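Presented below is the structure to which this report refers.
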Amino acid sequence: MQVYTTPAAFKNHVNSCSASKLDLWESFRLLKESREVTADSAQVADVASGSNTGTSGSELAPNDPSQDSSATAMEEYIDAHLATPPPAKRRRKAAKVFTDGNFVSLADIDIQPDMLPAPLIAITENDVQAAEAVSDGLETATSHGIFDTPANVFGLFRRYKRLGNSTTSDNYSTAGRHDPDSLMNLNSMSDISIVDIPSAPDSSDIYSPFPNKSSFLLSEWFWNRGAQKSKESFRDLLHILGNEDFSTADVTATNWPQIDRQLGLNDWDREEWQDDDAGWQESSILISVPFHRFTDNPGARDYTINGFYHRTLTSVIREKLTLKREDASNFHLEPYELLWQPDDNQPPLPLYGELYTSQAFLSAHQTLQESPPEPGCNLPRVVVALMFWSDATHLTQFGNAKITPLYMYFGNESKYRRCKPSCRLAEHVAFFQQLPDSFKDFANNWTGDKKVSPELLAHCKRELAHEQWRILLDGEFLEAYEHGIVLDWIGDGKKRRFYPRFMTYSADYPEKVLMSTIRQLGGCPCPRCKMPKKKLHLIGTDEDMAFRIQSERRDDDDRRQKVTRARTSIYGSSNFAVDSAPVERELKPESLVPTLNAFSDRLSRFGLHWPSMFVVDLLHEIELGVFKALLVHLLRILESVDENLVHELDRRFRATPTFGRDTIRRFTTNASELKKMAAHNYEDILQCIIPVFDGLLSDEEPNFLNTRILRILFQLAYWHGLAKLRLHSEATLRLLDEQTTILGACLREFQTEICPLFLTKELRREAVARERRTATKEAGTSQKSKKGANKAASPGQTAPVVRGLNVNQEPAQAEVVEGIVQHQDILTTTLDKGKQPDSRRKNKTFNLNTYKVHSMGDYSSAIRTFGTTDSYSTETGELEHRVPKSNYKRTSKKQFQRQLARIERKQTRIHRMRQAMSGTSVEVADMSADNASLANPAIRYHIGASEHNKQDIRILIRDNTNDPAITDFYPKLKTHLLPRLKAKLNIPIDLNITPDPRSPDQERLFYKNDAIYQHNILRINYTTYDIRRLQDVVNPRTDHRDIMILRQPMIPGKHEYRYGRVIGIYHVNAIYHGPSQHDLNQSHRLDFVWVRWFEMVEGYDRPASVGWSGERLGLDQLTFPPIGSVHAFGFLDPADILRGCHITPRFRSMLRHTDGLGLSGIARDKHDWSSYYVNRFVDRDMLMRFHWSMGVGHLSHPQRAVSLPSDADRSGGGDRTTGVTSSLQERLRNVPQPALAIRDDKAAINDDESSSDSGSDDMDYSSESVDGEGLDGINSDFDDMYGYEDDIGGHY
């Protein structure tokens, strides 16, 4: 037997071997004979059936060029090859004779395609008639007829109610019915960005007040394309200037000052804008300031604040419904209940998402339709849902310029559009005024020598805020609230009567208590209930849940009478102070304040329950509240044990990989310092903290600190993920209720059992902040003490000052700059060296009696009432703050509120002109064929078309001969590509034959030019749980290289997914020399990814849902198999990838190669860790993928019945003393027991070596063979990746 020892020796032998050439010649000869036999058989069959076609057998002769030119060309091609022997340098070995067998076509296999998001099915006339026929047959006692639309592919359908007392003419009629959901397309349901540049029509009349098209385009670019010009805006400008219709003369001749003045017209100007839009007004606010009887001039005095800029609410509504044409197609006129029926044998589940499908909207709509109509009016009545946001914000990074804008959104529009500032759906309604600094001068004129009390200042701030709201709730709005506004809706031009209704008010806690007129951090700090402060820690218990319902705040007569009596004591003849004993007796038990609430004063008579509209706030209450407090105390615990643990925590955070475009950002600074961190930074920390914190504390008996703290972090991350879902079902809300109970028990365990084990003190940053506040207060002391401090400096020198503090002050005051290294060094040289900083840090404990902890119990009810939290999150308002901050740069910084109002009108009017342009088209920028597919959400994935990065397969194998990753590269790739190429050519596949790299069929597959083409980026489009289209970017050179697929075949009791690390993205031009191929030189592009597979750590190959509770609670753990294993590497069709995933190192397991030298340069294994975590909390879609079959859009998951808790559980049955329902008792019984928490390392892995050699239960390395004959591993990979019984990632 001949042995080939040098690289490519065997290939060279094949190319020059005469026997191989004869094989090729013989193959073509046999192929021709087979072709002739087949043609003769077909001719006989056609002659026998010639009567059916009206032709004779001679007319169908296959050798007739006029009848079968393709057959003649094929024969000529074969004759040419048979006439001459193969060339001497032929590189391909011919395939053997094709033999028939048991074949199955791919068309016969039940493989579902990628399931794209689909809109809800439109309502047809037949549906209406059927619904009316059914409802007419109902009993007369039934006032509501139910109308269900057909279900779409995801099992979603809408349920409408016909209201018996309604006189609405088109209550069920499709005439004039507006159905925005049925008008949605894939682009509107996708968050994949598409670059577009709007163009303008040619009509000159539509540009008014601009004289021409060029002026309009340039002004639109200036005002609506950002205040700070970037490269992108510069490209937009080049696009405008390069337009063939652009005229420089038109631009230079334009009177720009006059146009800017016309665009910014408001109600205080003498001129009027051409449309009846909602211009701004300027008003003055008058408040009554009470001075108590012990001041020099007791009694109430009027104080006027000028410059309140606002728009009337009715004018904003009118502008929205009559002028904004683009928004009309997405405006829902009628609410409905959204239902999901994943199984025909189970009742449908209600879904909670949009406000217009919420109970609050449905209830308002039902109440309106059942109320008596306006006399003589039979117009359709429509609820206009109003949602408000307000929050103070700084306009500059440095300086004290700030503003408190009021934003209004319409709940009739989708939250997916409201959350995008680019949709411009936020209505800037008002700029709230604050008490000016001169108010203290006014107060001192009446108080004399007495200091203005903080209580009086707080009272005047409340009075000012609610007086401004009274201006907004003017008589015109109250008339519209009660009787509606008749408008010709721009959507269809038909008249309707629109009724505004308050739905939600989103704000942080200080703004909530200001608007709800309760005391901040008082004895009952919640704006929605009267829970005492001492019981706020009872989150999740039966006592807590029952008390929320019993003590709900209501705007009843009792509350209003208490406030009235208190105000009589203050403003009456008694002249009591706002914090006097008579006032406190009335108001303090319920934490009320002596301010008449504007919502109560104006809207209570219409039945508005305004305390409930102050909805929960996930951003401030959880991410910047509960979790931040927990994180800070964990840092205190680490510092109390060993300060180096904090440094290790920072190092681990910096080593945490990023994910997505902005899902998990790089932790560039020390996370423990908590400097300049926004809410999204705390969210990133929460999502990644479990791998980082694992192993920092001891897990020894009897405390098991590491396990118990990891369990608390896991439960909080789980609760946070559930609370932030964009689409809830009744099943997921039950999970949220259960998790609230469990998390409350865990937090109380942390407070009472874990925290007392440590003597925790303030963090340095906390001590610095506290001492800075102290120093600020002391800075207001007498001038004499300041002069004394300056005299202590050296003669003839000025005492150095750091950040406003004299370094000759006491250390307690000067230490306030600690935390900034260079300033700390300055202070160290001047402060008393005898006093250590730690000696001034106070002891700190963990506090659960806070409103933010208490608010966690309201999330489930808020979602059921108003929809999911993203619909009314303060994050939407925070994003909108970018607009006034950006526009502030365009102002002169003097009276900027007035200038901001003008700029808002300019931008809005230009945008509305763009919307009103008939025939406006959209030019998609740079939309080549490759870019068009890149922006197409319908495709499964996208890989570039470039072939610049060409790699010769032979050279690749030769240059990496000693790399384990290249072992069997060539046969594995052929085994992977052959069935895909056959499927593309519609060639039957024999599923009964195990793929063998040495089979004759494998020899028929060739690579054009023996080359593969490498790419840097793979984009995976996938459908999310809430039926949206998203995209993950895979780049093997970055952290974004890990992917997940469905495991095939599914093994009961095992994990449903497989995970891999992409080490290469390629495409190849493949050629198949099969017997039925006419053009043997035609190549077909096949994309593939080169993957290094993970395997589950022993004990963690479990169903995804198991990790949520019980003994196996925790993140799933992975490891790489031995790099020399046949299962270590493989190839994958990009269409089989579900999506990218976030796999983080298990830092406590340490690096696998401590010397920094790996075995494979291709796999870059020198950076491998011994084990990894799969981060199921990285985003909301990933969270739902671990709730098997509960994601509405995850159709790749087998749909099975989604069970709900029993009736006993719903009614609160169970242990009433502990606040635990019966379905949770088993889970909670063992919460304090560390044995039921996250598995310890010793239970899963004995050491690093054993973890490296351990394999998954379904993998068998015993078939690996040196001579290449043991290829069971490849076959197993083939079965896992191409299990044709089920799809492996093409749908959701």
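Chain labels A, B, ... are given in the sequence in which chains occur in the structure tokens; within each chain residues are numbered consecutively from 1, and ligands are likewise numbered from 1 in the order shown.
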Next item on the list: as a ChimeraX atom specification, list the residues of segment 264-409 of chain A assigned to helix (DSSP H, G or I) by DSSP on the backbone atoms of this structure.
Entry: /A:313-322,325-328,355-357,359-370
Write to file, as a short mmCIF file (atom, residue, chain, number, x, y, z; two decimals), in the first residue's frame, the residues of the selection just made, with C-alpha atoms.
```
data_model
loop_
_atom_site.label_atom_id
_atom_site.label_comp_id
_atom_site.auth_asym_id
_atom_site.auth_seq_id
_atom_site.Cartn_x
_atom_site.Cartn_y
_atom_site.Cartn_z
CA LEU A 313 -54.77 70.29 25.66
CA THR A 314 -57.72 70.60 23.32
CA SER A 315 -55.62 72.33 20.67
CA VAL A 316 -53.03 69.54 20.88
CA ILE A 317 -55.76 66.93 20.45
CA ARG A 318 -57.29 68.85 17.57
CA GLU A 319 -53.94 69.17 15.82
CA LYS A 320 -53.25 65.47 16.25
CA LEU A 321 -56.57 64.31 14.84
CA THR A 322 -57.02 66.82 12.02
CA ARG A 325 -51.97 62.57 8.43
CA GLU A 326 -49.06 60.17 8.86
CA ASP A 327 -50.09 59.30 12.43
CA ALA A 328 -53.72 58.61 11.47
CA LEU A 355 -52.69 50.43 26.23
CA TYR A 356 -55.50 50.14 23.67
CA THR A 357 -55.90 46.45 24.62
CA GLN A 359 -58.54 46.88 30.93
CA ALA A 360 -58.35 50.62 31.60
CA PHE A 361 -58.98 51.51 27.95
CA LEU A 362 -61.68 48.85 27.54
CA SER A 363 -63.43 50.07 30.68
CA ALA A 364 -63.30 53.71 29.57
CA HIS A 365 -64.63 52.75 26.14
CA GLN A 366 -67.44 50.67 27.63
CA THR A 367 -68.44 53.40 30.07
CA LEU A 368 -68.52 55.95 27.27
CA GLN A 369 -70.57 53.79 24.91
CA GLU A 370 -73.09 52.89 27.60
#
```
Note to self: List the spatial neighbours of His178 of chain A as a list of chain:residue names - criterion: any atom at most 9 Å away, only C-alpha atoms, same-chain residues fewer than 6 positions off excluded.
What the structure shows: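 Residues meeting the cut-off are A:Ser329, A:Phe331, A:His332, A:Leu333, A:Glu334, A:Gly491, A:Asp492.
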Next item on the list: Find, counting only C-alpha atoms, the residue in A:Leu218, A:Met1182, A:Leu686, A:Ala1163 that gets nearest to Cys1141 of chain A.
Entry: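 The answer is A:Met1182, which sits nearest to Cys1141 of chain A.
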Next item on the list: Could you give me, as a list in words, the residues within 6 Å of segment 960-968 of chain A, counting only C-alpha atoms and dropping anything in the same chain fewer than 4 positions from it?
Entry: Lys972, Gly1124 and Ser1160 of chain A
Check: Pick from A:Leu735, A:Leu1195, A:Leu1086, A:Ile910: nearest to Trp223 of chain A, with only C-alpha atoms counted?
Finding: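 Of all the options, A:Ile910 lies closest to Trp223 of chain A.
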Spatial neighbours of Arg1139 of chain A, 9 Å, only C-alpha atoms, chain gap at least 2 places, as an mmCIF file with N, CA, C and O atoms, in the first residue's frame:
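Output saved as out_39.cif:
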```
data_model
loop_
_atom_site.group_PDB
_atom_site.id
_atom_site.type_symbol
_atom_site.label_atom_id
_atom_site.label_comp_id
_atom_site.auth_asym_id
_atom_site.auth_seq_id
_atom_site.Cartn_x
_atom_site.Cartn_y
_atom_site.Cartn_z
ATOM 1 N N ILE A 1020 -28.253 37.710 11.818
ATOM 2 C CA ILE A 1020 -29.331 36.744 12.010
ATOM 3 C C ILE A 1020 -30.608 37.504 12.331
ATOM 4 O O ILE A 1020 -30.678 38.237 13.322
ATOM 5 N N ASN A 1021 -31.630 37.353 11.508
ATOM 6 C CA ASN A 1021 -32.950 37.919 11.788
ATOM 7 C C ASN A 1021 -33.815 36.859 12.449
ATOM 8 O O ASN A 1021 -33.835 35.705 12.010
ATOM 9 N N TYR A 1022 -34.518 37.231 13.476
ATOM 10 C CA TYR A 1022 -35.343 36.270 14.200
ATOM 11 C C TYR A 1022 -36.592 36.956 14.732
ATOM 12 O O TYR A 1022 -36.642 38.181 14.895
ATOM 13 N N GLN A 1031 -32.603 41.606 15.035
ATOM 14 C CA GLN A 1031 -31.402 41.138 14.358
ATOM 15 C C GLN A 1031 -30.242 41.053 15.337
ATOM 16 O O GLN A 1031 -30.020 41.968 16.133
ATOM 17 N N ASP A 1032 -29.528 39.936 15.301
ATOM 18 C CA ASP A 1032 -28.283 39.770 16.033
ATOM 19 C C ASP A 1032 -27.131 39.729 15.043
ATOM 20 O O ASP A 1032 -27.235 39.116 13.972
ATOM 21 N N VAL A 1033 -26.039 40.383 15.395
ATOM 22 C CA VAL A 1033 -24.852 40.429 14.550
ATOM 23 C C VAL A 1033 -23.798 39.504 15.144
ATOM 24 O O VAL A 1033 -23.461 39.619 16.325
ATOM 25 N N ASP A 1042 -21.050 34.037 19.828
ATOM 26 C CA ASP A 1042 -21.712 32.854 20.370
ATOM 27 C C ASP A 1042 -23.142 32.775 19.859
ATOM 28 O O ASP A 1042 -23.858 33.780 19.823
ATOM 29 N N ILE A 1043 -23.557 31.562 19.501
ATOM 30 C CA ILE A 1043 -24.882 31.359 18.909
ATOM 31 C C ILE A 1043 -25.556 30.163 19.587
ATOM 32 O O ILE A 1043 -24.921 29.385 20.302
ATOM 33 N N MET A 1044 -26.867 30.048 19.349
ATOM 34 C CA MET A 1044 -27.628 28.935 19.886
ATOM 35 C C MET A 1044 -28.522 28.368 18.796
ATOM 36 O O MET A 1044 -28.998 29.099 17.927
ATOM 37 N N ILE A 1045 -28.727 27.042 18.817
ATOM 38 C CA ILE A 1045 -29.622 26.371 17.887
ATOM 39 C C ILE A 1045 -30.495 25.419 18.683
ATOM 40 O O ILE A 1045 -30.220 25.121 19.854
ATOM 41 N N ILE A 1137 -29.482 28.808 12.729
ATOM 42 C CA ILE A 1137 -29.157 29.504 13.979
ATOM 43 C C ILE A 1137 -30.402 30.215 14.490
ATOM 44 O O ILE A 1137 -31.049 30.977 13.762
ATOM 45 N N CYS A 1141 -26.304 34.501 21.447
ATOM 46 C CA CYS A 1141 -26.514 34.342 22.888
ATOM 47 C C CYS A 1141 -25.321 34.930 23.633
ATOM 48 O O CYS A 1141 -24.256 35.160 23.049
ATOM 49 N N GLY A 1289 -34.466 25.599 13.741
ATOM 50 C CA GLY A 1289 -34.217 27.009 13.981
ATOM 51 C C GLY A 1289 -34.807 27.928 12.946
ATOM 52 O O GLY A 1289 -34.586 29.111 12.989
#
```
Check: Among segment 341-566 of chain A, which residues carry a DSSP assignment of strand (DSSP E or B), reported as a PyMOL selection string?
Finding: chain A and resi 349-352+381-390+393-394+402-410+427-432+485-488+495-506+518+529+552
Using the selection just defined, write its residues with N, CA and C atoms as a compact mmCIF listing (two decimals), in the first residue's frame.
```txt
# COMPACT_ATOMS: atom_id res chain seq x y z
N LEU A 349 -55.93 32.57 26.27
CA LEU A 349 -55.32 33.35 27.33
C LEU A 349 -55.33 34.82 26.97
N PRO A 350 -55.74 35.71 27.87
CA PRO A 350 -55.64 37.14 27.58
C PRO A 350 -54.19 37.60 27.56
N LEU A 351 -53.87 38.48 26.64
CA LEU A 351 -52.53 39.05 26.53
C LEU A 351 -52.58 40.51 26.91
N TYR A 352 -51.48 40.98 27.51
CA TYR A 352 -51.38 42.37 27.97
C TYR A 352 -50.15 42.99 27.33
N ARG A 381 -68.58 57.61 18.95
CA ARG A 381 -67.85 58.20 20.07
C ARG A 381 -66.55 57.42 20.30
N VAL A 382 -65.46 58.16 20.41
CA VAL A 382 -64.12 57.57 20.45
C VAL A 382 -63.40 58.10 21.69
N VAL A 383 -62.73 57.20 22.40
CA VAL A 383 -61.91 57.57 23.55
C VAL A 383 -60.52 57.96 23.06
N VAL A 384 -60.05 59.11 23.49
CA VAL A 384 -58.68 59.55 23.22
C VAL A 384 -57.90 59.40 24.52
N ALA A 385 -57.03 58.40 24.56
CA ALA A 385 -56.28 58.07 25.78
C ALA A 385 -55.06 58.98 25.89
N LEU A 386 -54.98 59.72 26.99
CA LEU A 386 -53.89 60.65 27.22
C LEU A 386 -52.92 60.07 28.24
N MET A 387 -51.64 60.10 27.90
CA MET A 387 -50.58 59.61 28.78
C MET A 387 -49.58 60.74 28.97
N PHE A 388 -49.22 61.02 30.22
CA PHE A 388 -48.38 62.17 30.54
C PHE A 388 -47.06 61.72 31.16
N TRP A 389 -46.03 62.50 30.85
CA TRP A 389 -44.70 62.34 31.45
C TRP A 389 -44.23 63.72 31.90
N SER A 390 -43.65 63.82 33.07
CA SER A 390 -43.02 65.07 33.49
C SER A 390 -41.83 64.75 34.39
N THR A 393 -35.09 68.24 34.23
CA THR A 393 -33.84 67.80 33.61
C THR A 393 -32.92 68.99 33.43
N HIS A 394 -31.62 68.72 33.56
CA HIS A 394 -30.61 69.75 33.31
C HIS A 394 -30.38 69.86 31.82
N LYS A 402 -31.99 74.42 33.87
CA LYS A 402 -32.81 73.21 33.85
C LYS A 402 -34.24 73.59 33.49
N ILE A 403 -35.00 72.56 33.15
CA ILE A 403 -36.36 72.76 32.70
C ILE A 403 -37.18 71.55 33.11
N THR A 404 -38.49 71.76 33.31
CA THR A 404 -39.40 70.67 33.66
C THR A 404 -40.49 70.60 32.60
N PRO A 405 -40.22 69.86 31.53
CA PRO A 405 -41.23 69.78 30.46
C PRO A 405 -42.33 68.78 30.80
N LEU A 406 -43.49 68.99 30.22
CA LEU A 406 -44.61 68.05 30.30
C LEU A 406 -44.84 67.49 28.90
N TYR A 407 -44.70 66.18 28.78
CA TYR A 407 -44.93 65.50 27.50
C TYR A 407 -46.26 64.77 27.55
N MET A 408 -46.94 64.75 26.43
CA MET A 408 -48.18 64.01 26.33
C MET A 408 -48.12 63.08 25.11
N TYR A 409 -48.50 61.83 25.32
CA TYR A 409 -48.60 60.84 24.26
C TYR A 409 -50.05 60.37 24.17
N PHE A 410 -50.37 59.78 23.05
CA PHE A 410 -51.71 59.24 22.84
C PHE A 410 -51.64 57.72 22.95
N GLU A 427 -45.88 64.98 22.35
CA GLU A 427 -46.40 66.34 22.28
C GLU A 427 -45.86 67.13 23.46
N HIS A 428 -45.09 68.16 23.16
CA HIS A 428 -44.56 69.04 24.22
C HIS A 428 -45.68 70.01 24.62
N VAL A 429 -46.23 69.79 25.78
CA VAL A 429 -47.43 70.52 26.19
C VAL A 429 -47.10 71.75 27.01
N ALA A 430 -46.11 71.65 27.91
CA ALA A 430 -45.84 72.78 28.80
C ALA A 430 -44.41 72.69 29.32
N PHE A 431 -43.91 73.84 29.73
CA PHE A 431 -42.66 73.94 30.47
C PHE A 431 -43.01 74.46 31.85
N PHE A 432 -43.06 73.58 32.84
CA PHE A 432 -43.48 73.97 34.18
C PHE A 432 -42.47 74.95 34.78
N ILE A 485 -65.32 66.32 21.59
CA ILE A 485 -65.01 67.29 20.54
C ILE A 485 -65.39 66.68 19.20
N VAL A 486 -66.19 67.36 18.43
CA VAL A 486 -66.59 66.87 17.10
C VAL A 486 -65.52 67.31 16.10
N LEU A 487 -64.89 66.34 15.46
CA LEU A 487 -63.81 66.63 14.52
C LEU A 487 -63.96 65.77 13.28
N ASP A 488 -63.50 66.32 12.17
CA ASP A 488 -63.36 65.54 10.93
C ASP A 488 -62.00 64.86 10.99
N LYS A 495 -66.77 62.56 10.40
CA LYS A 495 -66.95 63.20 11.70
C LYS A 495 -67.08 62.16 12.79
N ARG A 496 -66.46 62.44 13.91
CA ARG A 496 -66.59 61.62 15.12
C ARG A 496 -66.55 62.55 16.32
N ARG A 497 -67.04 62.03 17.43
CA ARG A 497 -66.99 62.80 18.68
C ARG A 497 -65.92 62.15 19.55
N PHE A 498 -64.87 62.91 19.83
CA PHE A 498 -63.72 62.40 20.57
C PHE A 498 -63.77 62.88 22.01
N TYR A 499 -63.55 61.94 22.93
CA TYR A 499 -63.58 62.21 24.36
C TYR A 499 -62.20 61.96 24.97
N PRO A 500 -61.51 63.00 25.43
CA PRO A 500 -60.21 62.77 26.08
C PRO A 500 -60.39 62.12 27.44
N ARG A 501 -59.50 61.20 27.75
CA ARG A 501 -59.51 60.50 29.04
C ARG A 501 -58.07 60.36 29.55
N PHE A 502 -57.87 60.70 30.83
CA PHE A 502 -56.57 60.53 31.46
C PHE A 502 -56.35 59.04 31.75
N MET A 503 -55.19 58.52 31.37
CA MET A 503 -54.87 57.12 31.60
C MET A 503 -53.71 56.96 32.58
N THR A 504 -52.55 57.50 32.23
CA THR A 504 -51.37 57.29 33.07
C THR A 504 -50.62 58.60 33.24
N TYR A 505 -49.88 58.67 34.32
CA TYR A 505 -48.97 59.79 34.58
C TYR A 505 -47.66 59.18 35.06
N SER A 506 -46.63 59.29 34.24
CA SER A 506 -45.34 58.66 34.53
C SER A 506 -44.37 59.73 35.05
N ILE A 518 -49.17 64.18 48.34
CA ILE A 518 -48.87 63.49 49.60
C ILE A 518 -47.46 63.90 50.01
N CYS A 529 -51.54 53.71 47.80
CA CYS A 529 -52.19 53.10 48.96
C CYS A 529 -51.65 53.74 50.24
N GLU A 552 -56.45 51.31 49.63
CA GLU A 552 -56.20 52.04 48.39
C GLU A 552 -56.62 53.50 48.55
```
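Of note, atom CA of Asp617 of chain A and atom CA of Ala507 of chain A are spaced 7.2 Å apart.
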